$ cat data12.cif   # mmCIF, C-alpha atoms
data_coords
loop_
_atom_site.group_PDB
_atom_site.id
_atom_site.type_symbol
_atom_site.label_atom_id
_atom_site.label_comp_id
_atom_site.auth_asym_id
_atom_site.auth_seq_id
_atom_site.Cartn_x
_atom_site.Cartn_y
_atom_site.Cartn_z
ATOM 1 C CA MET A 200 -1.326 9.639 -4.146
ATOM 2 C CA GLY A 201 -2.192 6.137 -5.322
ATOM 3 C CA GLU A 202 -4.653 3.708 -3.843
ATOM 4 C CA PHE A 203 -3.818 2.012 -0.562
ATOM 5 C CA PRO A 204 -2.594 -1.510 -1.444
ATOM 6 C CA CYS A 205 -4.358 -4.707 -0.425
ATOM 7 C CA ALA A 206 -3.123 -6.706 2.549
ATOM 8 C CA PRO A 207 -1.556 -10.113 1.757
ATOM 9 C CA GLU A 208 -4.183 -12.850 2.025
ATOM 10 C CA GLU A 209 -1.964 -15.138 4.122
ATOM 11 C CA ALA A 210 -1.307 -12.329 6.573
ATOM 12 C CA VAL A 211 -5.027 -11.633 6.876
ATOM 13 C CA GLU A 212 -5.613 -15.333 7.615
ATOM 14 C CA VAL A 213 -3.058 -15.183 10.456
ATOM 15 C CA ALA A 214 -4.769 -12.076 11.826
ATOM 16 C CA GLU A 215 -8.174 -13.768 11.639
ATOM 17 C CA ARG A 216 -6.925 -16.711 13.708
ATOM 18 C CA GLU A 217 -5.644 -14.264 16.322
ATOM 19 C CA CYS A 218 -8.742 -12.067 16.282
ATOM 20 C CA GLY A 219 -11.401 -14.761 16.427
ATOM 21 C CA GLY A 220 -12.841 -14.524 12.931
ATOM 22 C CA SER A 221 -13.290 -12.163 10.028
ATOM 23 C CA VAL A 222 -11.373 -8.916 10.464
ATOM 24 C CA GLN A 223 -11.909 -5.347 9.375
ATOM 25 C CA LEU A 224 -8.783 -3.668 8.042
ATOM 26 C CA SER A 225 -7.988 -0.058 8.870
ATOM 27 C CA GLU A 226 -5.303 1.699 6.825
ATOM 28 C CA ILE A 227 -2.510 3.054 9.047
ATOM 29 C CA THR A 228 0.543 3.991 6.948
ATOM 30 C CA ASP A 229 1.923 3.446 3.463
ATOM 31 C CA ARG A 230 5.399 4.803 2.784
ATOM 32 C CA ARG A 231 8.771 3.742 1.408
ATOM 33 C CA GLY A 232 7.490 0.320 0.370
ATOM 34 C CA SER A 233 6.092 -0.496 3.818
ATOM 35 C CA THR A 234 2.345 -0.683 4.485
ATOM 36 C CA VAL A 235 0.596 -1.188 7.828
ATOM 37 C CA TRP A 236 -2.998 -2.092 8.650
ATOM 38 C CA LYS A 237 -4.880 -2.611 11.888
ATOM 39 C CA ALA A 238 -6.940 -5.800 11.662
ATOM 40 C CA THR A 239 -9.874 -5.870 14.092
ATOM 41 C CA GLY A 240 -11.965 -8.965 14.734
ATOM 42 C CA PRO A 241 -14.483 -10.310 17.257
ATOM 43 C CA SER A 242 -11.917 -11.018 19.977
ATOM 44 C CA GLY A 243 -9.059 -8.606 19.390
ATOM 45 C CA SER A 244 -6.806 -6.756 16.996
ATOM 46 C CA ALA A 245 -3.550 -7.396 15.156
ATOM 47 C CA ALA A 246 -1.111 -5.337 13.128
ATOM 48 C CA ILE A 247 -0.256 -6.390 9.584
ATOM 49 C CA LYS A 248 2.846 -4.982 7.922
ATOM 50 C CA SER A 249 3.841 -5.781 4.352
ATOM 51 C CA GLY A 250 6.904 -4.790 2.405
ATOM 52 C CA THR A 251 7.205 -4.475 -1.357
ATOM 53 C CA GLY A 252 10.029 -3.112 -3.479
ATOM 54 C CA ASN A 253 12.570 -1.469 -1.194
ATOM 55 C CA GLY A 254 10.433 -2.486 1.765
ATOM 56 C CA VAL A 255 10.948 -6.220 1.212
ATOM 57 C CA PRO A 256 14.365 -6.582 2.926
ATOM 58 C CA VAL A 257 13.359 -4.287 5.782
ATOM 59 C CA THR A 258 10.123 -6.149 6.541
ATOM 60 C CA ALA A 259 11.850 -9.499 6.042
ATOM 61 C CA ARG A 260 14.473 -8.568 8.593
ATOM 62 C CA GLU A 261 11.828 -7.477 11.084
ATOM 63 C CA ALA A 262 10.076 -10.834 10.729
ATOM 64 C CA GLU A 263 13.358 -12.649 11.343
ATOM 65 C CA ALA A 264 14.244 -10.408 14.296
ATOM 66 C CA LEU A 265 10.861 -11.024 15.923
ATOM 67 C CA HIS A 266 11.298 -14.762 15.432
ATOM 68 C CA LEU A 267 14.746 -14.682 17.049
ATOM 69 C CA LEU A 268 13.621 -12.403 19.875
ATOM 70 C CA ASP A 269 10.959 -14.999 20.697
ATOM 71 C CA TRP A 270 8.186 -12.692 21.900
ATOM 72 C CA PRO A 271 5.262 -15.170 21.730
ATOM 73 C CA ASP A 272 2.729 -12.649 23.032
ATOM 74 C CA HIS A 273 3.797 -10.184 20.345
ATOM 75 C CA PHE A 274 4.870 -11.983 17.155
ATOM 76 C CA LEU A 275 2.124 -13.940 15.406
ATOM 77 C CA GLY A 276 3.662 -14.856 12.047
ATOM 78 C CA GLY A 277 5.518 -13.758 8.951
ATOM 79 C CA SER A 278 6.579 -14.781 5.473
ATOM 80 C CA VAL A 279 9.240 -13.740 2.982
ATOM 81 C CA SER A 280 9.412 -14.200 -0.790
ATOM 82 C CA LYS A 281 11.281 -12.452 -3.580
ATOM 83 C CA ASP A 282 8.727 -9.695 -4.112
ATOM 84 C CA LEU A 283 6.825 -9.586 -0.824
ATOM 85 C CA ALA A 284 7.457 -9.831 2.903
ATOM 86 C CA TRP A 285 4.881 -9.559 5.629
ATOM 87 C CA VAL A 286 4.668 -9.791 9.386
ATOM 88 C CA VAL A 287 1.724 -9.963 11.789
ATOM 89 C CA THR A 288 1.991 -8.839 15.402
ATOM 90 C CA ARG A 289 -0.454 -8.324 18.224
ATOM 91 C CA TRP A 290 -2.022 -4.868 18.296
ATOM 92 C CA PHE A 291 -1.538 -3.151 21.636
ATOM 93 C CA ASP A 292 -4.046 -0.402 22.437
ATOM 94 C CA ALA A 293 -1.565 1.518 24.551
ATOM 95 C CA PRO A 294 0.124 4.925 24.426
ATOM 96 C CA SER A 295 3.623 5.433 23.104
ATOM 97 C CA THR A 296 6.290 7.138 25.211
ATOM 98 C CA TRP A 297 5.648 10.279 23.162
ATOM 99 C CA LYS A 298 1.966 10.242 24.114
ATOM 100 C CA MET A 299 2.733 9.484 27.761
ATOM 101 C CA PHE A 300 4.610 12.800 27.904
ATOM 102 C CA ARG A 301 1.995 14.846 26.038
ATOM 103 C CA PRO A 302 0.469 16.409 29.215
ATOM 104 C CA VAL A 303 3.978 17.365 30.354
ATOM 105 C CA ARG A 304 4.664 19.170 27.085
ATOM 106 C CA GLU A 305 1.273 20.859 26.819
ATOM 107 C CA THR A 306 0.282 21.747 30.378
ATOM 108 C CA LYS A 307 3.169 20.590 32.616
ATOM 109 C CA ASP A 308 0.756 18.099 34.187
ATOM 110 C CA GLY A 309 1.086 14.321 34.359
ATOM 111 C CA ARG A 310 4.699 14.309 35.468
ATOM 112 C CA GLU A 311 4.356 11.361 37.811
ATOM 113 C CA ARG A 312 2.888 9.148 35.074
ATOM 114 C CA ALA A 313 5.438 10.343 32.525
ATOM 115 C CA LEU A 314 8.335 9.733 34.907
ATOM 116 C CA SER A 315 7.081 6.211 35.567
ATOM 117 C CA ALA A 316 6.954 5.642 31.800
ATOM 118 C CA ALA A 317 10.537 6.877 31.437
ATOM 119 C CA VAL A 318 11.737 4.463 34.123
ATOM 120 C CA ASP A 319 9.777 1.609 32.558
ATOM 121 C CA LEU A 320 11.322 2.306 29.156
ATOM 122 C CA CYS A 321 14.811 2.291 30.668
ATOM 123 C CA HIS A 322 14.095 -1.046 32.337
ATOM 124 C CA ALA A 323 12.772 -2.484 29.064
ATOM 125 C CA ILE A 324 15.943 -1.452 27.253
ATOM 126 C CA ALA A 325 18.067 -2.816 30.105
ATOM 127 C CA ASP A 326 16.271 -6.170 29.790
ATOM 128 C CA LEU A 327 16.812 -6.134 26.024
ATOM 129 C CA HIS A 328 20.523 -5.423 26.444
ATOM 130 C CA GLY A 329 20.737 -8.129 29.096
ATOM 131 C CA SER A 330 19.461 -10.642 26.552
ATOM 132 C CA GLY A 331 22.234 -9.681 24.122
ATOM 133 C CA TRP A 332 20.140 -7.461 21.850
ATOM 134 C CA VAL A 333 20.161 -3.793 20.868
ATOM 135 C CA HIS A 334 17.018 -2.213 19.383
ATOM 136 C CA SER A 335 19.099 0.101 17.156
ATOM 137 C CA ASP A 336 16.276 2.511 16.272
ATOM 138 C CA LEU A 337 14.831 3.951 19.475
ATOM 139 C CA GLN A 338 12.422 6.819 18.881
ATOM 140 C CA PRO A 339 9.607 8.429 20.897
ATOM 141 C CA GLU A 340 6.966 6.357 19.060
ATOM 142 C CA HIS A 341 8.812 3.021 19.127
ATOM 143 C CA ALA A 342 7.663 1.836 22.564
ATOM 144 C CA LEU A 343 4.143 1.255 23.860
ATOM 145 C CA HIS A 344 3.318 1.347 27.566
ATOM 146 C CA THR A 345 0.807 -1.458 28.175
ATOM 147 C CA ASP A 346 -0.695 -2.701 31.435
ATOM 148 C CA THR A 347 1.691 -5.672 31.281
ATOM 149 C CA GLY A 348 4.871 -3.759 30.439
ATOM 150 C CA VAL A 349 6.651 -1.904 27.660
ATOM 151 C CA ARG A 350 6.370 -3.326 24.144
ATOM 152 C CA LEU A 351 9.085 -2.328 21.687
ATOM 153 C CA LEU A 352 8.076 -1.706 18.078
ATOM 154 C CA ASP A 353 9.841 -1.452 14.715
ATOM 155 C CA VAL A 354 12.634 -3.918 15.331
ATOM 156 C CA SER A 355 13.737 -4.127 11.684
ATOM 157 C CA TRP A 356 17.259 -3.057 12.665
ATOM 158 C CA ALA A 357 17.529 -4.898 15.981
ATOM 159 C CA TRP A 358 20.994 -6.362 16.449
ATOM 160 C CA CYS A 359 22.608 -9.211 18.308
ATOM 161 C CA GLU A 360 25.860 -11.075 17.830
ATOM 162 C CA GLY A 361 25.635 -12.958 14.547
ATOM 163 C CA PHE A 362 22.598 -10.997 13.353
ATOM 164 C CA GLU A 363 24.125 -7.761 12.092
ATOM 165 C CA PRO A 364 22.060 -5.198 10.164
ATOM 166 C CA PRO A 365 22.576 -5.021 6.385
ATOM 167 C CA ASP A 366 24.670 -2.312 4.765
ATOM 168 C CA ILE A 367 21.607 -0.169 4.043
ATOM 169 C CA PHE A 368 21.259 0.538 7.780
ATOM 170 C CA ARG A 369 22.627 3.957 8.787
ATOM 171 C CA GLY A 370 22.242 3.972 12.547
ATOM 172 C CA GLY A 371 18.632 5.025 13.065
ATOM 173 C CA MET A 372 17.224 8.519 13.605
ATOM 174 C CA THR A 373 20.139 10.919 13.071
ATOM 175 C CA HIS A 374 18.779 13.498 15.547
ATOM 176 C CA LEU A 375 19.064 10.882 18.325
ATOM 177 C CA LEU A 376 22.322 9.257 17.225
ATOM 178 C CA ALA A 377 25.313 8.770 19.511
ATOM 179 C CA PRO A 378 28.376 10.752 18.301
ATOM 180 C CA GLU A 379 30.684 7.727 18.150
ATOM 181 C CA LEU A 380 28.181 5.807 16.041
ATOM 182 C CA ALA A 381 27.764 8.780 13.698
ATOM 183 C CA ALA A 382 31.564 8.928 13.377
ATOM 184 C CA SER A 383 31.911 5.245 12.518
ATOM 185 C CA ILE A 384 29.204 5.545 9.874
ATOM 186 C CA GLY A 385 30.952 8.606 8.467
ATOM 187 C CA VAL A 386 34.215 6.745 7.880
ATOM 188 C CA GLY A 387 32.408 3.905 6.144
ATOM 189 C CA ILE A 388 32.491 1.154 8.758
ATOM 190 C CA ARG A 389 30.053 -1.555 7.636
ATOM 191 C CA PRO A 390 27.982 -3.133 8.896
ATOM 192 C CA VAL A 391 26.945 -0.464 11.351
ATOM 193 C CA THR A 392 27.129 -2.102 14.762
ATOM 194 C CA PRO A 393 25.172 -0.238 17.461
ATOM 195 C CA SER A 394 26.310 -0.855 21.030
ATOM 196 C CA PRO A 395 24.357 -0.758 24.301
ATOM 197 C CA ALA A 396 26.263 2.430 25.157
ATOM 198 C CA ALA A 397 25.236 4.078 21.884
ATOM 199 C CA GLU A 398 21.664 3.004 22.544
ATOM 200 C CA VAL A 399 21.697 4.570 26.020
ATOM 201 C CA HIS A 400 22.551 7.856 24.293
ATOM 202 C CA SER A 401 19.561 7.373 21.975
ATOM 203 C CA LEU A 402 17.424 6.454 24.982
ATOM 204 C CA ALA A 403 18.306 9.692 26.768
ATOM 205 C CA ALA A 404 17.796 11.657 23.544
ATOM 206 C CA THR A 405 14.403 10.053 23.048
ATOM 207 C CA LEU A 406 13.291 10.979 26.563
ATOM 208 C CA TRP A 407 14.621 14.520 26.122
ATOM 209 C CA THR A 408 12.529 14.886 22.968
ATOM 210 C CA CYS A 409 9.469 13.549 24.793
ATOM 211 C CA VAL A 410 9.925 16.172 27.525
ATOM 212 C CA THR A 411 10.556 19.198 25.319
ATOM 213 C CA GLY A 412 8.886 18.323 22.024
ATOM 214 C CA ARG A 413 12.176 19.299 20.341
ATOM 215 C CA TRP A 414 15.260 17.456 19.171
ATOM 216 C CA PRO A 415 18.052 17.384 21.779
ATOM 217 C CA LEU A 416 20.434 19.300 19.524
ATOM 218 C CA ASP A 417 20.003 23.072 19.254
ATOM 219 C CA TYR A 418 20.214 23.503 15.503
ATOM 220 C CA PRO A 419 19.218 27.207 15.389
ATOM 221 C CA THR A 420 21.958 28.216 17.832
ATOM 222 C CA ALA A 421 24.509 26.373 15.686
ATOM 223 C CA GLY A 422 23.165 28.054 12.560
ATOM 224 C CA VAL A 423 22.172 24.699 11.114
ATOM 225 C CA ASP A 424 18.987 23.834 9.260
ATOM 226 C CA PRO A 425 18.902 20.027 9.292
ATOM 227 C CA LYS A 426 16.341 20.016 6.499
ATOM 228 C CA THR A 427 18.907 21.479 4.114
ATOM 229 C CA LEU A 428 21.641 18.937 4.939
ATOM 230 C CA THR A 429 22.122 15.444 3.620
ATOM 231 C CA PRO A 430 22.047 12.690 6.263
ATOM 232 C CA SER A 431 25.820 12.272 5.942
ATOM 233 C CA GLN A 432 26.397 16.019 6.457
ATOM 234 C CA LEU A 433 24.204 15.999 9.546
ATOM 235 C CA ARG A 434 25.919 12.872 10.928
ATOM 236 C CA ALA A 435 29.278 14.636 10.503
ATOM 237 C CA ARG A 436 28.100 17.459 12.762
ATOM 238 C CA VAL A 437 26.722 14.973 15.282
ATOM 239 C CA ALA A 438 30.023 13.093 15.230
ATOM 240 C CA ASN A 439 32.171 16.122 16.046
ATOM 241 C CA ARG A 440 29.670 17.511 18.591
ATOM 242 C CA SER A 441 29.573 20.862 16.839
ATOM 243 C CA ILE A 442 25.907 21.401 17.722
ATOM 244 C CA PRO A 443 25.117 22.280 21.369
ATOM 245 C CA LEU A 444 22.343 20.678 23.355
ATOM 246 C CA ASP A 445 18.962 22.358 23.354
ATOM 247 C CA ALA A 446 18.783 24.918 26.169
ATOM 248 C CA ALA A 447 15.048 24.500 26.853
ATOM 249 C CA THR A 448 14.507 23.111 30.373
ATOM 250 C CA PRO A 449 10.784 22.732 31.075
ATOM 251 C CA TRP A 450 11.590 19.892 33.497
ATOM 252 C CA PRO A 451 15.145 20.475 34.750
ATOM 253 C CA GLU A 452 15.066 17.754 37.428
ATOM 254 C CA LEU A 453 14.514 15.111 34.770
ATOM 255 C CA GLN A 454 16.574 16.742 32.039
ATOM 256 C CA GLU A 455 19.758 17.115 34.101
ATOM 257 C CA PRO A 456 20.505 13.359 34.287
ATOM 258 C CA LEU A 457 19.566 13.081 30.609
ATOM 259 C CA ARG A 458 21.935 15.956 29.811
ATOM 260 C CA GLU A 459 24.759 14.146 31.608
ATOM 261 C CA VAL A 460 24.184 11.082 29.432
ATOM 262 C CA LEU A 461 24.037 13.113 26.232
ATOM 263 C CA LEU A 462 27.306 14.907 27.024
ATOM 264 C CA ALA A 463 29.192 11.904 28.379
ATOM 265 C CA PRO A 464 31.838 10.039 26.363
ATOM 266 C CA ARG A 465 30.818 6.510 25.438
ATOM 267 C CA ARG A 466 32.793 4.821 28.219
ATOM 268 C CA GLN A 467 31.349 7.091 30.900
ATOM 269 C CA ARG A 468 27.668 6.599 30.094
ATOM 270 C CA PRO A 469 25.534 4.658 32.535
ATOM 271 C CA THR A 470 23.798 1.472 31.497
ATOM 272 C CA ALA A 471 20.072 1.583 30.788
ATOM 273 C CA GLY A 472 19.465 -0.023 34.184
ATOM 274 C CA GLU A 473 21.618 2.570 35.942
ATOM 275 C CA LEU A 474 19.766 5.355 34.149
ATOM 276 C CA ALA A 475 16.491 3.837 35.377
ATOM 277 C CA GLU A 476 17.782 3.953 38.969
ATOM 278 C CA THR A 477 18.801 7.582 38.550
ATOM 279 C CA LEU A 478 15.436 8.609 37.126
ATOM 280 C CA GLN A 479 13.626 6.846 39.971
ATOM 281 C CA SER A 480 15.078 9.446 42.344
ATOM 282 C CA VAL A 481 13.762 12.397 40.295
ATOM 283 C CA ASN A 482 10.962 14.402 41.876
ATOM 284 C CA ALA A 483 7.837 14.494 39.745
#
$ encode --input "data12.cif" --output "structure tokens"
Amino acid sequence: MGEFPCAPEEAVEVAERECGGSVQLSEITDRRGSTVWKATGPSGSAAIKSGTGNGVPVTAREAEALHLLDWPDHFLGGSVSKDLAWVVTRWFDAPSTWKMFRPVRETKDGRERALSAAVDLCHAIADLHGSGWVHSDLQPEHALHTDTGVRLLDVSWAWCEGFEPPDIFRGGMTHLLAPELAASIGVGIRPVTPSPAAEVHSLAATLWTCVTGRWPLDYPTAGVDPKTLTPSQLRARVANRSIPLDAATPWPELQEPLREVLLAPRRQRPTAGELAETLQSVNA
């Protein structure tokens, strides 16, 4: 592996203004042309993300999405040039949805807190949809549960009318993808246009994964090893629903309403707000 790259100087300057002075950079991730640091200063922390090579258009789109979403307590600045794009956001020291469910997966404890997190995530997605946006890439690690509400991360593929994703977008995490979206991608419809209904499927799939620690689809029962398939081959199986849902039910009271969403045709799925109301009645 090569050396971790240096953070863009302009991005560091933005982080220093947010953090009250000189910052210390901690290396977080560096993959597929996208690099992330945590910048910590005297009065707070910020996240710096830069994109080079193939990461330039992805990071550039995230910067534009954050600007359009107008989250002033989240987005701190960004810049795009031919060879480099960067974005600076506030760093939230808060657990992801995945971490909120860790006690449930490991010891079956913490159900009340995890259930509250699930409801909060549903409400956050309902609010996003109400504003005309779709996140388009919901995953267990893409939401943080702060004291002031859920913060959505990784909005590079976020969509609203007039701000469609580029052709390189393929619908998000295939394991969590709605069948109708997988089908439209399979027949070559471009740009991929996620809908609120498709996102509710991904929302339920994300929560299912947080509960069980496994993907919602039961690949072994179907005789499928997803690691040996190309993304298009896996999307084809998702599209025709040839893989059954995972049979593991460590928390059946919560998983049953999620199962109904995952099995429902697009037009029969609840909204994110309706799913929140349903989950509020679940016994922890």
$ resolve_selection --input "data12.cif" --expression "the PyMOL selection byres ((chain A and resi 263) around 10)" --output "compact mmCIF listing (two decimals) with C-alpha atoms, keeping the file's coordinate frame"
# COMPACT_ATOMS: atom_id res chain seq x y z
CA THR A 258 10.12 -6.15 6.54
CA ALA A 259 11.85 -9.50 6.04
CA ARG A 260 14.47 -8.57 8.59
CA GLU A 261 11.83 -7.48 11.08
CA ALA A 262 10.08 -10.83 10.73
CA ALA A 264 14.24 -10.41 14.30
CA LEU A 265 10.86 -11.02 15.92
CA HIS A 266 11.30 -14.76 15.43
CA LEU A 267 14.75 -14.68 17.05
CA LEU A 268 13.62 -12.40 19.88
CA ASP A 269 10.96 -15.00 20.70
CA GLY A 276 3.66 -14.86 12.05
CA GLY A 277 5.52 -13.76 8.95
CA SER A 278 6.58 -14.78 5.47
CA VAL A 279 9.24 -13.74 2.98
CA VAL A 286 4.67 -9.79 9.39
CA VAL A 354 12.63 -3.92 15.33
CA SER A 355 13.74 -4.13 11.68
CA ALA A 357 17.53 -4.90 15.98
CA PHE A 362 22.60 -11.00 13.35
$ residues_around --input "data12.cif" --residues "Gly385 of chain A" --least-positions-apart "4" --cutoff "8 Å" --atoms "only C-alpha atoms" --output "PDB file with C-alpha atoms, in the coordinates of the input"
ATOM      1  CA  ALA A 381      27.764   8.780  13.698  1.00  0.00           C
ATOM      2  CA  SER A 431      25.820  12.272   5.942  1.00  0.00           C
ATOM      3  CA  ARG A 434      25.919  12.872  10.928  1.00  0.00           C
ATOM      4  CA  ALA A 435      29.278  14.636  10.503  1.00  0.00           C
TER       5      ALA A 435
END
$ residues_around --input "data12.cif" --residues "Thr251 of chain A" --least-positions-apart "3" --cutoff "7 Å" --atoms "only C-alpha atoms" --output "PDB file with C-alpha atoms, in the coordinates of the input"
ATOM      1  CA  GLY A 232       7.490   0.320   0.370  1.00  0.00           C
ATOM      2  CA  SER A 233       6.092  -0.496   3.818  1.00  0.00           C
ATOM      3  CA  GLY A 254      10.433  -2.486   1.765  1.00  0.00           C
ATOM      4  CA  VAL A 255      10.948  -6.220   1.212  1.00  0.00           C
ATOM      5  CA  ASP A 282       8.727  -9.695  -4.112  1.00  0.00           C
ATOM      6  CA  LEU A 283       6.825  -9.586  -0.824  1.00  0.00           C
ATOM      7  CA  ALA A 284       7.457  -9.831   2.903  1.00  0.00           C
TER       8      ALA A 284
END
$ resolve_selection --input "data12.cif" --expression "the PyMOL selection byres ((chain A and resi 310) around 10)" --output "PDB file with C-alpha atoms, keeping the file's coordinate frame"
ATOM      1  CA  MET A 299       2.733   9.484  27.761  1.00  0.00           C
ATOM      2  CA  PHE A 300       4.610  12.800  27.904  1.00  0.00           C
ATOM      3  CA  ARG A 301       1.995  14.846  26.038  1.00  0.00           C
ATOM      4  CA  PRO A 302       0.469  16.409  29.215  1.00  0.00           C
ATOM      5  CA  VAL A 303       3.978  17.365  30.354  1.00  0.00           C
ATOM      6  CA  ARG A 304       4.664  19.170  27.085  1.00  0.00           C
ATOM      7  CA  LYS A 307       3.169  20.590  32.616  1.00  0.00           C
ATOM      8  CA  ASP A 308       0.756  18.099  34.187  1.00  0.00           C
ATOM      9  CA  GLY A 309       1.086  14.321  34.359  1.00  0.00           C
ATOM     10  CA  GLU A 311       4.356  11.361  37.811  1.00  0.00           C
ATOM     11  CA  ARG A 312       2.888   9.148  35.074  1.00  0.00           C
ATOM     12  CA  ALA A 313       5.438  10.343  32.525  1.00  0.00           C
ATOM     13  CA  LEU A 314       8.335   9.733  34.907  1.00  0.00           C
ATOM     14  CA  SER A 315       7.081   6.211  35.567  1.00  0.00           C
ATOM     15  CA  ALA A 316       6.954   5.642  31.800  1.00  0.00           C
ATOM     16  CA  VAL A 410       9.925  16.172  27.525  1.00  0.00           C
ATOM     17  CA  TRP A 450      11.590  19.892  33.497  1.00  0.00           C
ATOM     18  CA  LEU A 453      14.514  15.111  34.770  1.00  0.00           C
ATOM     19  CA  ASN A 482      10.962  14.402  41.876  1.00  0.00           C
ATOM     20  CA  ALA A 483       7.837  14.494  39.745  1.00  0.00           C
TER      21      ALA A 483
END
$ residues_near_point --input "data12.cif" --point "(16.5, -2.8, 20.7)" --cutoff "7 Å" --atoms "all atoms listed in the file" --output "list in words"
Ile324, Leu327, Trp332, Val333, His334, Ser335, Asp336, Val354 and Ala357 of chain A
$ closest_residue --input "data12.cif" --among "A:Val349, A:Pro378, A:Val481, A:Lys426" --to "Arg440 of chain A" --atoms "only C-alpha atoms"
A:Pro378
$ resolve_selection --input "data12.cif" --expression "the PyMOL selection byres ((chain A and resi 212) around 12)" --output "list of chain:residue names"
A:Ala206, A:Pro207, A:Glu208, A:Glu209, A:Ala210, A:Val211, A:Val213, A:Ala214, A:Glu215, A:Arg216, A:Glu217, A:Cys218, A:Gly219, A:Gly220, A:Ser221, A:Val222, A:Gln223, A:Ala238, A:Gly240, A:Ala245, A:Ile247, A:Leu275, A:Gly276, A:Gly277, A:Val286, A:Val287
$ residues_around --input "data12.cif" --residues "Ser295 of chain A" --least-positions-apart "6" --cutoff "8 Å" --atoms "all atoms listed in the file" --output "PyMOL selection string"
chain A and resi 339-344
$ write_last_selection --input "data12.cif" --atoms "C-alpha atoms" --output "compact mmCIF listing (two decimals), in the frame of the given file"
# COMPACT_ATOMS: atom_id res chain seq x y z
CA PRO A 339 9.61 8.43 20.90
CA GLU A 340 6.97 6.36 19.06
CA HIS A 341 8.81 3.02 19.13
CA ALA A 342 7.66 1.84 22.56
CA LEU A 343 4.14 1.25 23.86
CA HIS A 344 3.32 1.35 27.57
$ atom_distance --input "data12.cif" --atom1 "atom CA of Ile227 of chain A" --atom2 "atom CA of Lys298 of chain A"
17.3 Å
$ atom_distance --input "data12.cif" --atom1 "atom CA of Leu376 of chain A" --atom2 "atom CA of Ser249 of chain A"
27.1 Å
$ residues_around --input "data12.cif" --residues "segment 202-204 of chain A" --least-positions-apart "4" --cutoff "10 Å" --atoms "only C-alpha atoms" --output "PyMOL selection string"
chain A and resi 226-229+234-235+249
$ atom_distance --input "data12.cif" --atom1 "atom CA of Gln454 of chain A" --atom2 "atom CA of Ser480 of chain A"
12.7 Å
$ residues_around --input "data12.cif" --residues "Ala463 of chain A" --least-positions-apart "6" --cutoff "10 Å" --atoms "only C-alpha atoms" --output "ChimeraX atom specification"
/A:400,457,469
$ residues_near_point --input "data12.cif" --point "(25.9, -5.1, 11.9)" --cutoff "7 Å" --atoms "only C-alpha atoms" --output "list in words"
Trp358, Phe362, Glu363, Pro364, Pro365, Arg389, Pro390, Val391 and Thr392 of chain A
$ axis_aligned_box --input "data12.cif" --around "segment 290-308 of chain A" --padding-each-side "4 Å" --output "lines of an AutoDock Vina configuration file"
center_x = 1.1
center_y = 8.4
center_z = 26.2
size_x = 18.3
size_y = 34.6
size_z = 23.9
$ closest_residue --input "data12.cif" --among "A:Leu352, A:Val257, A:Leu224, A:Leu375" --to "Trp270 of chain A" --atoms "only C-alpha atoms"
A:Leu352
$ closest_residue --input "data12.cif" --among "A:Leu337, A:Ile367, A:Val437, A:Leu416" --to "Ser383 of chain A" --atoms "only C-alpha atoms"
A:Val437
$ decode --input "data12.cif" --residues "segment 420-430 of chain A" --atoms "N, CA and C atoms" --output "PDB file, in the first residue's frame"
ATOM      1  N   THR A 420     -29.201 -20.342   0.899  1.00  0.00           N
ATOM      2  CA  THR A 420     -30.371 -21.156   0.564  1.00  0.00           C
ATOM      3  C   THR A 420     -30.630 -21.172  -0.935  1.00  0.00           C
ATOM      4  N   ALA A 421     -30.349 -20.058  -1.603  1.00  0.00           N
ATOM      5  CA  ALA A 421     -30.540 -19.971  -3.052  1.00  0.00           C
ATOM      6  C   ALA A 421     -29.371 -20.563  -3.829  1.00  0.00           C
ATOM      7  N   GLY A 422     -28.342 -21.018  -3.104  1.00  0.00           N
ATOM      8  CA  GLY A 422     -27.175 -21.569  -3.783  1.00  0.00           C
ATOM      9  C   GLY A 422     -26.361 -20.516  -4.509  1.00  0.00           C
ATOM     10  N   VAL A 423     -26.360 -19.316  -3.968  1.00  0.00           N
ATOM     11  CA  VAL A 423     -25.686 -18.188  -4.612  1.00  0.00           C
ATOM     12  C   VAL A 423     -24.557 -17.690  -3.719  1.00  0.00           C
ATOM     13  N   ASP A 424     -23.388 -17.522  -4.312  1.00  0.00           N
ATOM     14  CA  ASP A 424     -22.279 -16.861  -3.630  1.00  0.00           C
ATOM     15  C   ASP A 424     -22.099 -15.493  -4.274  1.00  0.00           C
ATOM     16  N   PRO A 425     -22.584 -14.433  -3.614  1.00  0.00           N
ATOM     17  CA  PRO A 425     -22.531 -13.113  -4.250  1.00  0.00           C
ATOM     18  C   PRO A 425     -21.126 -12.655  -4.591  1.00  0.00           C
ATOM     19  N   LYS A 426     -20.129 -13.206  -3.903  1.00  0.00           N
ATOM     20  CA  LYS A 426     -18.755 -12.803  -4.180  1.00  0.00           C
ATOM     21  C   LYS A 426     -18.261 -13.303  -5.533  1.00  0.00           C
ATOM     22  N   THR A 427     -18.932 -14.317  -6.065  1.00  0.00           N
ATOM     23  CA  THR A 427     -18.507 -14.874  -7.352  1.00  0.00           C
ATOM     24  C   THR A 427     -19.288 -14.280  -8.527  1.00  0.00           C
ATOM     25  N   LEU A 428     -20.265 -13.431  -8.253  1.00  0.00           N
ATOM     26  CA  LEU A 428     -21.094 -12.845  -9.301  1.00  0.00           C
ATOM     27  C   LEU A 428     -20.658 -11.423  -9.602  1.00  0.00           C
ATOM     28  N   THR A 429     -20.866 -11.001 -10.829  1.00  0.00           N
ATOM     29  CA  THR A 429     -20.668  -9.598 -11.158  1.00  0.00           C
ATOM     30  C   THR A 429     -21.843  -8.812 -10.586  1.00  0.00           C
ATOM     31  N   PRO A 430     -21.694  -7.500 -10.385  1.00  0.00           N
ATOM     32  CA  PRO A 430     -22.825  -6.713  -9.893  1.00  0.00           C
ATOM     33  C   PRO A 430     -24.064  -6.852 -10.762  1.00  0.00           C
TER      34      PRO A 430
END
